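With compact mmCIF, C-alpha atoms and all ligand atoms inside, this is data11.txt:
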# COMPACT_ATOMS: atom_id res chain seq x y z
CA MET A 1 -27.77 112.84 134.60
CA LYS A 2 -26.77 116.51 134.79
CA LYS A 3 -26.44 117.57 138.42
CA GLN A 4 -28.80 120.31 139.59
CA GLN A 5 -26.91 123.41 140.73
CA ILE A 6 -28.29 124.84 143.97
CA CYS A 7 -27.92 128.24 145.58
CA ILE A 8 -28.76 128.22 149.29
CA LEU A 9 -29.66 131.60 150.76
CA GLY A 10 -29.08 131.19 154.51
CA SER A 11 -27.00 128.00 154.48
CA THR A 12 -25.86 128.36 158.11
CA GLY A 13 -29.39 128.37 159.54
CA SER A 14 -31.69 125.61 160.67
CA ILE A 15 -33.18 125.05 157.19
CA GLY A 16 -29.88 125.69 155.41
CA THR A 17 -27.92 123.09 157.38
CA GLN A 18 -30.68 120.49 156.97
CA ALA A 19 -30.75 121.21 153.22
CA LEU A 20 -27.02 120.44 153.13
CA ASP A 21 -27.80 117.12 154.84
CA VAL A 22 -30.15 116.35 151.97
CA VAL A 23 -27.46 117.25 149.42
CA ARG A 24 -24.98 115.01 151.28
CA GLN A 25 -27.32 112.07 150.68
CA HIS A 26 -27.71 112.83 146.95
CA ARG A 27 -24.32 113.95 145.66
CA ASP A 28 -25.11 112.25 142.36
CA ARG A 29 -28.00 114.67 141.73
CA TYR A 30 -27.21 117.93 143.45
CA GLU A 31 -24.25 120.26 143.53
CA ILE A 32 -23.91 123.47 145.52
CA TYR A 33 -23.22 126.50 143.36
CA CYS A 34 -23.44 129.10 146.10
CA LEU A 35 -23.77 129.32 149.88
CA THR A 36 -24.70 132.48 151.78
CA ALA A 37 -24.99 133.61 155.40
CA HIS A 38 -25.51 136.75 157.44
CA ARG A 39 -22.56 136.80 159.86
CA GLN A 40 -21.43 133.24 160.65
CA VAL A 41 -18.15 133.14 158.72
CA GLU A 42 -16.68 130.08 160.45
CA LEU A 43 -19.59 127.78 159.64
CA LEU A 44 -19.92 129.23 156.14
CA ALA A 45 -16.22 128.58 155.46
CA GLN A 46 -16.51 125.05 156.82
CA GLN A 47 -19.52 124.38 154.57
CA ALA A 48 -17.64 125.83 151.60
CA ARG A 49 -14.72 123.47 152.22
CA GLU A 50 -17.05 120.51 152.25
CA PHE A 51 -19.26 121.42 149.27
CA GLN A 52 -16.78 123.40 147.13
CA PRO A 53 -19.29 125.93 145.73
CA ALA A 54 -18.31 128.36 143.00
CA ALA A 55 -19.13 131.27 145.32
CA VAL A 56 -19.97 132.24 148.90
CA VAL A 57 -21.63 135.47 150.03
CA ILE A 58 -21.57 136.96 153.51
CA ALA A 59 -24.31 139.58 153.91
CA ASP A 60 -22.56 141.53 156.64
CA GLU A 61 -19.78 143.36 154.80
CA THR A 62 -17.70 143.79 157.96
CA ARG A 63 -17.13 139.99 157.92
CA TYR A 64 -15.73 139.93 154.39
CA GLU A 65 -12.04 140.01 155.36
CA ALA A 66 -12.55 137.30 157.97
CA LEU A 67 -14.24 135.03 155.43
CA LYS A 68 -11.59 135.77 152.81
CA ALA A 69 -8.88 134.82 155.30
CA LEU A 70 -10.65 131.58 156.25
CA LEU A 71 -10.83 130.61 152.56
CA ALA A 72 -7.39 131.91 151.58
CA ASP A 73 -6.23 128.45 150.53
CA ALA A 74 -9.34 127.81 148.40
CA PRO A 75 -8.82 130.17 145.43
CA ASP A 76 -11.54 128.50 143.33
CA ILE A 77 -14.25 129.70 145.70
CA LYS A 78 -15.17 133.31 144.98
CA VAL A 79 -15.99 135.36 148.06
CA TYR A 80 -18.48 138.25 147.99
CA ALA A 81 -20.14 140.42 150.63
CA GLY A 82 -23.18 142.65 151.06
CA ALA A 83 -26.89 142.66 150.34
CA ALA A 84 -26.33 143.71 146.71
CA ALA A 85 -24.05 140.69 146.14
CA LEU A 86 -26.80 138.42 147.50
CA GLU A 87 -29.31 139.94 145.10
CA GLN A 88 -26.85 139.45 142.24
CA ILE A 89 -25.55 135.95 142.89
CA VAL A 90 -28.98 134.28 142.56
CA THR A 91 -29.06 135.29 138.90
CA ALA A 92 -25.83 133.42 137.98
CA ASP A 93 -26.34 131.35 134.83
CA PRO A 94 -25.42 127.86 136.14
CA ILE A 95 -27.93 127.98 139.03
CA ASP A 96 -30.98 125.73 138.51
CA MET A 97 -32.72 126.33 141.83
CA VAL A 98 -32.58 128.68 144.77
CA LEU A 99 -33.45 127.61 148.30
CA ALA A 100 -34.75 130.77 149.98
CA ALA A 101 -33.90 130.00 153.61
CA MET A 102 -32.94 133.42 154.90
CA VAL A 103 -35.02 134.76 157.72
CA GLY A 104 -37.37 137.75 157.42
CA PHE A 105 -37.89 140.62 154.98
CA ALA A 106 -34.23 140.42 153.88
CA GLY A 107 -35.18 137.39 151.76
CA LEU A 108 -37.56 139.37 149.53
CA LEU A 109 -35.25 141.07 147.02
CA PRO A 110 -32.97 138.07 146.35
CA THR A 111 -36.07 135.91 145.78
CA ILE A 112 -37.55 138.44 143.36
CA ASN A 113 -34.29 138.49 141.41
CA ALA A 114 -34.12 134.71 141.35
CA ILE A 115 -37.65 134.56 139.91
CA LYS A 116 -36.79 137.15 137.27
CA ALA A 117 -33.75 135.03 136.36
CA ARG A 118 -36.13 132.05 135.96
CA LYS A 119 -34.66 129.94 138.75
CA LYS A 120 -36.88 127.35 140.38
CA ILE A 121 -37.67 128.59 143.91
CA CYS A 122 -37.74 126.30 146.94
CA LEU A 123 -39.35 128.60 149.46
CA ALA A 124 -38.74 128.38 153.20
CA ASN A 125 -38.69 132.16 153.69
CA LYS A 126 -42.45 132.56 154.24
CA GLU A 127 -42.05 136.27 155.06
CA THR A 128 -41.53 136.84 151.31
CA LEU A 129 -45.10 135.68 150.58
CA VAL A 130 -46.50 137.51 153.62
CA VAL A 131 -44.97 140.80 152.52
CA ALA A 132 -45.49 140.55 148.76
CA GLY A 133 -47.68 137.53 147.95
CA GLN A 134 -49.48 139.12 145.02
CA LEU A 135 -46.32 140.51 143.48
CA ILE A 136 -44.38 137.24 143.88
CA CYS A 137 -47.21 135.15 142.40
CA ASP A 138 -47.59 137.55 139.45
CA LEU A 139 -43.84 137.48 138.79
CA ALA A 140 -43.66 133.69 139.06
CA ARG A 141 -46.53 133.31 136.58
CA GLN A 142 -45.04 135.85 134.22
CA HIS A 143 -41.63 134.14 134.23
CA HIS A 144 -43.02 130.55 134.34
CA VAL A 145 -41.17 129.85 137.56
CA PRO A 146 -42.37 127.16 139.97
CA ILE A 147 -42.46 128.00 143.68
CA LEU A 148 -42.11 124.80 145.72
CA PRO A 149 -43.05 124.99 149.41
CA VAL A 150 -40.49 123.94 152.01
CA ASP A 151 -42.59 124.83 155.06
CA SER A 152 -43.72 121.44 156.38
CA GLU A 153 -47.44 122.33 156.43
CA HIS A 154 -47.38 123.68 152.89
CA SER A 155 -45.38 120.73 151.67
CA ALA A 156 -48.05 118.50 153.25
CA ILE A 157 -50.81 120.44 151.48
CA PHE A 158 -48.84 120.35 148.22
CA GLN A 159 -48.31 116.59 148.56
CA SER A 160 -52.03 116.13 149.33
CA LEU A 161 -52.84 118.00 146.12
CA VAL A 162 -50.76 115.83 143.79
CA GLY A 163 -53.22 114.57 141.18
CA ASP A 164 -55.90 117.11 142.16
CA ALA A 165 -56.48 120.64 140.91
CA ASP A 166 -56.35 123.62 143.27
CA ALA A 167 -59.95 124.30 142.20
CA SER A 168 -61.06 121.08 143.93
CA ILE A 169 -60.07 122.43 147.38
CA GLU A 170 -63.00 123.02 149.73
CA LYS A 171 -60.88 123.77 152.75
CA ILE A 172 -57.26 123.65 153.82
CA LEU A 173 -56.50 122.01 157.16
CA LEU A 174 -53.44 123.78 158.56
CA THR A 175 -52.03 122.11 161.66
CA CYS A 176 -50.10 123.86 164.41
CA SER A 177 -48.26 122.46 167.44
CA GLY A 178 -49.71 125.22 169.63
CA GLY A 179 -46.26 126.24 170.84
CA PRO A 180 -44.80 126.03 174.35
CA PHE A 181 -47.46 128.25 175.98
CA ARG A 182 -50.54 126.43 174.76
CA HIS A 183 -51.94 125.96 178.29
CA PHE A 184 -50.79 129.27 179.77
CA THR A 185 -53.26 131.77 181.26
CA PRO A 186 -53.10 135.46 180.27
CA GLY A 187 -51.50 136.13 183.67
CA GLN A 188 -48.76 133.59 183.02
CA LEU A 189 -48.20 134.88 179.48
CA GLN A 190 -47.37 138.29 180.96
CA HIS A 191 -44.24 136.82 182.53
CA VAL A 192 -42.87 134.32 180.00
CA THR A 193 -39.40 135.01 178.59
CA ALA A 194 -37.65 134.40 175.29
CA ALA A 195 -35.70 131.56 176.94
CA ASP A 196 -39.02 129.87 177.83
CA ALA A 197 -40.30 130.35 174.28
CA LEU A 198 -37.15 128.92 172.73
CA LYS A 199 -37.97 125.52 174.23
CA HIS A 200 -40.28 124.49 171.38
CA PRO A 201 -42.10 121.24 172.20
CA THR A 202 -41.76 119.42 168.87
CA TRP A 203 -39.67 121.31 166.28
CA SER A 204 -36.10 122.60 166.51
CA MET A 205 -35.83 125.81 164.44
CA GLY A 206 -34.13 129.21 164.25
CA ASP A 207 -34.80 131.69 167.08
CA LYS A 208 -37.04 134.10 165.16
CA ILE A 209 -39.49 131.47 163.91
CA THR A 210 -39.50 129.80 167.34
CA ILE A 211 -40.78 133.02 168.93
CA ASP A 212 -43.30 133.37 166.07
CA SER A 213 -44.46 129.83 166.87
CA ALA A 214 -44.99 130.74 170.52
CA THR A 215 -47.19 133.76 169.62
CA LEU A 216 -48.91 131.82 166.77
CA MET A 217 -47.80 134.57 164.38
CA ASN A 218 -45.98 131.79 162.54
CA LYS A 219 -49.34 130.11 161.93
CA GLY A 220 -50.83 133.43 160.89
CA PHE A 221 -48.01 133.82 158.37
CA GLU A 222 -48.67 130.28 157.17
CA VAL A 223 -52.34 131.13 156.55
CA ILE A 224 -51.16 133.97 154.30
CA GLU A 225 -48.53 131.73 152.69
CA ALA A 226 -51.18 129.06 151.96
CA LYS A 227 -53.55 131.62 150.44
CA TRP A 228 -50.91 132.61 147.89
CA LEU A 229 -49.46 129.18 147.21
CA PHE A 230 -52.78 127.43 146.69
CA GLY A 231 -55.01 130.28 145.46
CA VAL A 232 -57.63 130.01 148.22
CA GLU A 233 -59.33 132.60 150.41
CA ALA A 234 -58.14 132.94 154.01
CA SER A 235 -61.67 131.98 155.09
CA GLN A 236 -61.09 128.54 153.51
CA ILE A 237 -58.06 127.89 155.71
CA GLU A 238 -58.76 126.30 159.07
CA VAL A 239 -56.06 126.19 161.75
CA LEU A 240 -56.07 123.10 163.98
CA ILE A 241 -53.94 122.87 167.10
CA HIS A 242 -52.32 119.44 166.90
CA PRO A 243 -49.76 119.10 169.72
CA GLN A 244 -48.18 115.86 168.42
CA SER A 245 -47.01 117.50 165.13
CA ILE A 246 -47.52 114.23 163.23
CA VAL A 247 -50.27 115.29 160.81
CA HIS A 248 -48.40 117.98 158.88
CA SER A 249 -51.56 119.45 157.23
CA GLY A 250 -53.87 118.55 154.38
CA VAL A 251 -56.84 119.31 152.19
CA GLN A 252 -60.58 118.73 152.38
CA PHE A 253 -61.88 118.39 148.82
CA VAL A 254 -65.18 119.43 147.25
CA ASP A 255 -66.43 115.81 147.46
CA GLY A 256 -65.80 115.70 151.22
CA SER A 257 -62.67 113.54 150.96
CA VAL A 258 -59.75 114.56 153.13
CA LYS A 259 -56.08 113.92 152.31
CA VAL A 260 -53.36 114.73 154.82
CA GLN A 261 -49.65 113.97 154.99
CA LEU A 262 -48.05 112.45 158.09
CA GLY A 263 -44.49 112.03 159.27
CA VAL A 264 -42.10 112.59 162.15
CA PRO A 265 -41.26 116.26 162.78
CA ASP A 266 -38.21 116.62 160.50
CA MET A 267 -37.67 119.37 157.91
CA ARG A 268 -35.45 117.28 155.64
CA PRO A 269 -38.30 115.42 153.88
CA PRO A 270 -40.10 118.63 152.84
CA ILE A 271 -36.80 120.26 151.81
CA GLN A 272 -35.92 117.22 149.70
CA TYR A 273 -39.40 117.02 148.16
CA ALA A 274 -39.10 120.65 147.06
CA PHE A 275 -35.75 119.82 145.45
CA SER A 276 -36.84 116.61 143.74
CA PHE A 277 -40.53 117.16 142.85
CA PRO A 278 -42.17 115.49 140.97
CA GLU A 279 -39.85 112.66 141.97
CA ARG A 280 -39.74 111.24 145.50
CA LEU A 281 -36.22 110.19 146.52
CA SER A 282 -35.03 107.96 149.34
CA LEU A 283 -33.94 109.68 152.56
CA LYS A 284 -32.28 108.17 155.61
CA GLY A 285 -33.79 109.18 158.91
CA GLU A 286 -36.35 108.38 161.59
CA ARG A 287 -39.56 106.68 160.47
CA LEU A 288 -43.04 107.30 161.83
CA ASP A 289 -44.20 104.51 164.15
CA LEU A 290 -47.97 104.81 164.38
CA PHE A 291 -48.12 102.01 166.98
CA ALA A 292 -46.00 104.13 169.31
CA GLN A 293 -48.32 107.09 168.75
CA GLN A 294 -50.75 107.08 171.64
CA LYS A 295 -53.10 109.68 170.22
CA LEU A 296 -53.55 112.37 167.59
CA GLU A 297 -55.45 115.37 169.01
CA PHE A 298 -56.93 118.43 167.34
CA PHE A 299 -58.22 121.61 169.04
CA LYS A 300 -59.47 125.00 167.90
CA PRO A 301 -56.93 127.81 168.40
CA ASP A 302 -57.63 130.41 171.10
CA MET A 303 -57.31 133.79 169.37
CA GLN A 304 -58.04 135.67 172.61
CA ARG A 305 -54.90 134.41 174.30
CA PHE A 306 -52.94 134.34 171.02
CA PRO A 307 -54.15 137.44 169.13
CA CYS A 308 -51.34 137.33 166.53
CA LEU A 309 -53.20 134.64 164.60
CA GLY A 310 -56.29 136.86 164.40
CA LEU A 311 -54.13 139.83 163.35
CA ALA A 312 -52.75 137.83 160.45
CA TYR A 313 -56.27 136.91 159.29
CA GLU A 314 -57.21 140.59 159.59
CA ALA A 315 -54.15 141.69 157.61
CA ILE A 316 -54.83 139.33 154.71
CA GLN A 317 -58.53 140.19 154.67
CA ARG A 318 -57.70 143.92 154.47
CA GLY A 319 -55.09 143.03 151.83
CA GLY A 320 -52.81 145.51 150.04
CA ASN A 321 -49.84 146.51 152.17
CA MET A 322 -51.33 145.36 155.51
CA PRO A 323 -49.56 141.98 155.62
CA CYS A 324 -46.32 143.88 154.91
CA ALA A 325 -47.01 146.15 157.91
CA LEU A 326 -47.88 143.08 159.99
CA ASN A 327 -44.55 141.47 159.10
CA ALA A 328 -42.50 144.61 159.71
CA ALA A 329 -44.05 145.20 163.13
CA ASN A 330 -43.60 141.54 163.95
CA GLU A 331 -39.88 141.61 163.09
CA VAL A 332 -39.44 144.59 165.42
CA VAL A 333 -41.33 143.07 168.38
CA ASN A 334 -39.90 139.60 167.87
CA GLU A 335 -36.37 141.01 168.14
CA ALA A 336 -37.35 143.16 171.13
CA PHE A 337 -38.82 140.16 172.94
CA ARG A 338 -35.71 138.06 172.20
CA ASN A 339 -33.64 140.83 173.79
CA ASN A 340 -35.94 141.12 176.82
CA ARG A 341 -37.05 144.59 175.76
CA CYS A 342 -40.80 143.83 175.82
CA ALA A 343 -43.23 141.42 177.45
CA PHE A 344 -44.96 138.62 175.54
CA PRO A 345 -48.39 140.35 175.30
CA ASP A 346 -46.74 143.62 174.17
CA MET A 347 -45.89 141.91 170.89
CA ALA A 348 -49.50 141.48 169.69
CA ARG A 349 -50.52 144.86 171.12
CA THR A 350 -47.75 146.65 169.25
CA ILE A 351 -48.47 144.87 165.97
CA GLU A 352 -52.18 145.71 166.18
CA ALA A 353 -51.45 149.39 166.90
CA THR A 354 -48.86 149.52 164.10
CA MET A 355 -51.35 148.14 161.58
CA ALA A 356 -53.89 150.76 162.69
CA LYS A 357 -51.37 153.58 162.18
CA THR A 358 -49.81 152.47 158.90
CA ALA A 359 -51.13 154.26 155.78
CA PHE A 360 -53.22 151.80 153.74
CA ASP A 361 -52.31 151.06 150.13
CA ALA A 362 -54.65 148.68 148.30
CA LEU A 363 -52.33 147.88 145.36
CA PRO A 364 -48.76 148.45 146.47
CA SER A 365 -45.82 148.34 144.06
CA LEU A 366 -42.50 146.91 145.25
CA GLU A 367 -41.29 150.43 146.07
CA ALA A 368 -44.47 151.05 148.10
CA LEU A 369 -43.90 147.82 150.02
CA LEU A 370 -40.33 148.86 150.84
CA GLN A 371 -41.78 152.16 152.12
CA THR A 372 -44.48 150.40 154.15
CA ASP A 373 -41.84 148.16 155.69
CA ALA A 374 -39.78 151.17 156.78
CA GLU A 375 -42.84 153.11 157.98
CA ALA A 376 -44.25 150.21 160.02
CA ARG A 377 -40.87 149.46 161.59
CA GLY A 378 -40.60 153.09 162.67
CA ILE A 379 -44.12 153.06 164.14
CA ALA A 380 -43.56 149.77 165.99
CA ARG A 381 -40.23 150.98 167.42
CA GLY A 382 -41.89 154.20 168.58
CA LEU A 383 -44.74 152.29 170.21
CA LEU A 384 -42.37 149.90 171.96
CA GLY A 385 -40.35 152.82 173.26
CA ALA A 386 -43.59 154.33 174.60
CA THR A 387 -44.53 151.14 176.48
CA LYS A 388 -41.25 151.05 178.40
P1 LIG B 1 -32.16 130.64 161.09
O1 LIG B 1 -32.14 131.86 161.91
O2 LIG B 1 -31.76 129.35 161.69
O3 LIG B 1 -31.24 130.86 159.78
C1 LIG B 1 -31.37 131.98 158.98
C2 LIG B 1 -30.30 132.00 157.90
O4 LIG B 1 -30.43 133.21 157.15
C3 LIG B 1 -28.88 131.97 158.44
O5 LIG B 1 -28.05 131.30 157.53
C4 LIG B 1 -28.50 133.45 158.49
O6 LIG B 1 -27.11 133.64 158.39
C5 LIG B 1 -29.24 133.99 157.28
N1 LIG B 1 -29.66 135.40 157.45
C6 LIG B 1 -30.36 135.92 158.49
N2 LIG B 1 -30.56 137.23 158.31
C7 LIG B 1 -29.97 137.56 157.14
C8 LIG B 1 -29.81 138.78 156.43
N3 LIG B 1 -30.30 139.95 156.89
N4 LIG B 1 -29.15 138.75 155.25
C9 LIG B 1 -28.65 137.59 154.78
N5 LIG B 1 -28.75 136.40 155.41
C10 LIG B 1 -29.41 136.39 156.59
O7 LIG B 1 -33.63 130.53 160.45
P2 LIG B 1 -34.42 129.22 160.00
O8 LIG B 1 -35.14 128.67 161.16
O9 LIG B 1 -33.55 128.36 159.19
O10 LIG B 1 -35.54 129.87 159.07
C11 LIG B 1 -35.26 130.36 157.76
C12 LIG B 1 -36.57 130.65 157.05
O11 LIG B 1 -37.27 129.42 156.89
C13 LIG B 1 -37.50 131.58 157.83
O12 LIG B 1 -38.20 132.39 156.94
C14 LIG B 1 -38.46 130.61 158.53
O13 LIG B 1 -39.72 131.19 158.77
C15 LIG B 1 -38.56 129.50 157.50
N6 LIG B 1 -38.90 128.18 158.05
C16 LIG B 1 -38.09 127.59 158.96
C17 LIG B 1 -38.42 126.34 159.48
C18 LIG B 1 -37.51 125.63 160.44
O14 LIG B 1 -37.78 124.49 160.80
N7 LIG B 1 -36.42 126.22 160.89
C19 LIG B 1 -39.60 125.71 159.07
C20 LIG B 1 -40.40 126.35 158.13
C21 LIG B 1 -40.04 127.58 157.62
MG MG B 2 -44.40 125.52 159.30
Please express the file's structure as structure tokens.
Ligand code: NAD
Ligand code: MG
Amino acid sequence: MKKQQICILGSTGSIGTQALDVVRQHRDRYEIYCLTAHRQVELLAQQAREFQPAAVVIADETRYEALKALLADAPDIKVYAGAAALEQIVTADPIDMVLAAMVGFAGLLPTINAIKARKKICLANKETLVVAGQLICDLARQHHVPILPVDSEHSAIFQSLVGDADASIEKILLTCSGGPFRHFTPGQLQHVTAADALKHPTWSMGDKITIDSATLMNKGFEVIEAKWLFGVEASQIEVLIHPQSIVHSGVQFVDGSVKVQLGVPDMRPPIQYAFSFPERLSLKGERLDLFAQQKLEFFKPDMQRFPCLGLAYEAIQRGGNMPCALNAANEVVNEAFRNNRCAFPDMARTIEATMAKTAFDALPSLEALLQTDAEARGIARGLLGATK
């Protein structure tokens, strides 16, 4: 069997490293063509030594010499740097699939190029669909490119849909751990810190998405992601707080049947399923023990205490460039909160005000989305400065 050649965008991150674990278990099927990272040259070089890709790309150009030096004795591995190199490398002929596992808006342009080059997309970078869902779906259709979800909830929905048409969906059941502040009062939320938020109760993930999980913006993004992936309206997507993170999400069908997918909280199964679909491969790891599971609970989310979820519903209902503005403002406040430059409730407040101030565009082109991103970032930064 010809080995599938994989390009991993963001190989040093939480998803990227777990994807390499999957590849380690299936060397007979998968080969790494390219690994990329933002700044972590040491880990990238170590990964390159192990997987011997044809190329590595470091996004931060100031780290190029350091990476080159680390790989001086590996002349077969080509070393590139910069955002343009990232956008270029995904189009390389031998690549069969691209795992989009970079964080944030930076993942958009490489993913667009990969689609245009007809590479199968395994999508972890949900921000891409939040910012440009319509454009990405149109491009994927036009180029006959499959987009396979890596996000655990969307993988669960996708797995629940095997054998059923999207048109048979009555409702999507999108589960959410509720984050570390599920029981906190508004008064307590005023004083929580990034360090508190980074103690996620059930999943271990990168810092940015962990903060998004604490505000429930991550779930808001996942509502938008599900709308685009499964062609449903946001009003058909119900969020259920499920603190045990065992039911990964599912579908209620038009005949009233419900299918959900269960498992231990581990990102490797959904990553592997995206790689191998329609096949299901073996994977070593922890197994779900339902006898040990005392209870499975489900609650309605509280959008008063966690307004980011409501803002995401509002953004997708308004449509056009609003989800792009939502994402841009969120990236600004998320970073500010991580650096102790704003309080937890300031994040939602700033995003709401940014959306109100951003010029609306009902049918944005890619250029217009890039402009919206810049405009909304500027507005959010200004607003944050004003709250200090
Ligand atoms: P992370 O911060 O752990 O890793 C991000 C990776 O992207 C790193 O390799 C980093 O070097 C690279 N990167 C960051 N900024 C970059 C830039 N500007 N240019 C080039 N490369 C850059 O993040 P993560 O938790 O692995 O999440 C990655 C994506 O997957 C996010 O979009 C997140 O929402 C999504 N996701 C993550 C999880 C999870 O369990 N971690 C689950 C579902 C979805
Ligand atoms: Mg998720």
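The spacing separating atom CA of Pro75 of chain A from atom CA of Arg39 of chain A amounts to 21.0 Å.
What separates atom CA of Phe298 of chain A from atom CA of Ala348 of chain A is a distance of 24.3 Å.
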Against segment 162-179 of chain A, which residues of segment 290-338 of chain A fall within 12 Å? For each one I want the closest pair of atoms and the distance in Å (one decimal), counting all atoms listed in the file, rows by chain and increasing residue number, as a Markdown table.
| residue | atom | partner | partner_atom | distance |
| --- | --- | --- | --- | --- |
| A:Leu296 | CA | A:Ser177 | CA | 11.4 |
| A:Glu297 | CA | A:Ser177 | CA | 10.2 |
| A:Phe298 | CA | A:Thr175 | CA | 8.4 |
| A:Phe299 | CA | A:Gly178 | CA | 9.3 |
| A:Lys300 | CA | A:Gly178 | CA | 9.9 |
| A:Pro301 | CA | A:Gly178 | CA | 7.8 |
| A:Asp302 | CA | A:Gly178 | CA | 9.6 |
| A:Met303 | CA | A:Gly178 | CA | 11.5 |
| A:Arg305 | CA | A:Gly178 | CA | 11.5 |
| A:Phe306 | CA | A:Gly178 | CA | 9.8 |
| A:Leu309 | CA | A:Cys176 | CA | 11.2 |
What does the list of residues within 6 Å of ligand MG 2 (chain B) look like if you count all atoms listed in the file, written as a PDB file with C-alpha atoms, in the frame of the given file?
ATOM      1  CA  ASP A 151     -42.590 124.830 155.060  1.00  0.00           C
ATOM      2  CA  SER A 152     -43.720 121.440 156.380  1.00  0.00           C
ATOM      3  CA  GLU A 153     -47.440 122.330 156.430  1.00  0.00           C
TER       4      GLU A 153
END
Return as a PyMOL selection string every polymer residue, whether protein, DNA or RNA, with at least one atom no more than 8 Å from an atom of ligand LIG 1 (chain B); count all atoms listed in the file.
chain A and resi 9-17+36-40+58-60+83+86+100-107+123-128+150-152+203-210+218+266-267
Using all atoms listed in the file for the distances, tell me which of A:Gly82, A:Gly378, A:Pro364, A:Gly319 is nearest to Lys227 of chain A.
A:Gly319
In Å, with one decimal, what is the gap from atom CA of Tyr30 of chain A to atom CA of Asp73 of chain A?
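If I compute the distance from atom CA of Tyr30 of chain A to atom CA of Asp73 of chain A, I get 24.5 Å.
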Need the shell around Leu384 of chain A: protein/DNA/RNA residues with any atom at most 12 Å away, counting all atoms listed in the file. Skip same-chain ones fewer than 6 positions apart. Format as a PyMOL selection string?
chain A and resi 329-330+332-337+340-343+345-351+353-354+377-378
Which residue, A:Ala226, A:Ala328, A:Cys122, A:Val264, has the smallest gap to Gly250 of chain A when you use all atoms listed in the file?
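Among the listed residues, the smallest separation from Gly250 of chain A belongs to A:Ala226.
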Exercise on segment 80-93 of chain A, axis-aligned box with 5 Å per side, report centre and edge lengths in Å to one decimal, as JSON:
{"center_x": -23.9, "center_y": 137.5, "center_z": 142.9, "size_x": 20.8, "size_y": 22.4, "size_z": 26.2}
Using only C-alpha atoms: which of A:Leu135, A:Leu189, A:Ala140, A:Leu281 has the shortest distance to Ala368 of chain A:
A:Leu135
Using only C-alpha atoms, which residues sit within 6 Å of segment 78-80 of chain A once same-chain residues fewer than 4 positions away are excluded, as a ChimeraX atom specification?
/A:55-57
Point (-34.0, 130.0, 139.7) neighbourhood (6 Å, all atoms listed in the file) written as a list in words
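Checking each residue against the 6 Å limit leaves Asp96, Met97, Val98, Ala114, Ile115, Arg118, Lys119, Lys120 and Ile121 of chain A.
When all atoms listed in the file are used to compute distances to Phe230 of chain A, the closest of the residues A:Gly256, A:Gly133, A:Gly187, A:Pro201 turns out to be A:Gly133.
Of the residues listed (A:Gln134, A:Ser257, A:Gln190, A:Gln272), A:Gln272 shows the shortest atom-to-atom separation from Lys284 of chain A; distances use all atoms listed in the file.
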Your completed segment 370-381 of chain A with N, CA and C atoms, as a short mmCIF file (atom, residue, chain, number, x, y, z; two decimals), in the coordinates of the input:
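Below is the file selection_20.cif, written as the result:
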data_model
loop_
_atom_site.label_atom_id
_atom_site.label_comp_id
_atom_site.auth_asym_id
_atom_site.auth_seq_id
_atom_site.Cartn_x
_atom_site.Cartn_y
_atom_site.Cartn_z
N LEU A 370 -41.57 148.51 150.12
CA LEU A 370 -40.33 148.86 150.84
C LEU A 370 -40.60 150.03 151.77
N GLN A 371 -41.42 150.99 151.29
CA GLN A 371 -41.78 152.16 152.12
C GLN A 371 -42.63 151.74 153.31
N THR A 372 -43.62 150.87 153.06
CA THR A 372 -44.48 150.40 154.15
C THR A 372 -43.65 149.70 155.21
N ASP A 373 -42.70 148.88 154.74
CA ASP A 373 -41.84 148.16 155.69
C ASP A 373 -41.11 149.15 156.60
N ALA A 374 -40.53 150.19 155.99
CA ALA A 374 -39.78 151.17 156.78
C ALA A 374 -40.72 151.93 157.71
N GLU A 375 -41.88 152.33 157.18
CA GLU A 375 -42.84 153.11 157.98
C GLU A 375 -43.31 152.29 159.19
N ALA A 376 -43.70 151.04 158.94
CA ALA A 376 -44.25 150.21 160.02
C ALA A 376 -43.19 149.90 161.07
N ARG A 377 -41.94 149.69 160.62
CA ARG A 377 -40.87 149.46 161.59
C ARG A 377 -40.70 150.67 162.50
N GLY A 378 -40.74 151.86 161.90
CA GLY A 378 -40.60 153.09 162.67
C GLY A 378 -41.74 153.22 163.69
N ILE A 379 -42.96 152.95 163.24
CA ILE A 379 -44.12 153.06 164.14
C ILE A 379 -43.98 152.05 165.29
N ALA A 380 -43.65 150.81 164.95
CA ALA A 380 -43.56 149.77 165.99
C ALA A 380 -42.46 150.12 167.00
N ARG A 381 -41.32 150.61 166.50
CA ARG A 381 -40.23 150.98 167.42
C ARG A 381 -40.68 152.09 168.35
#
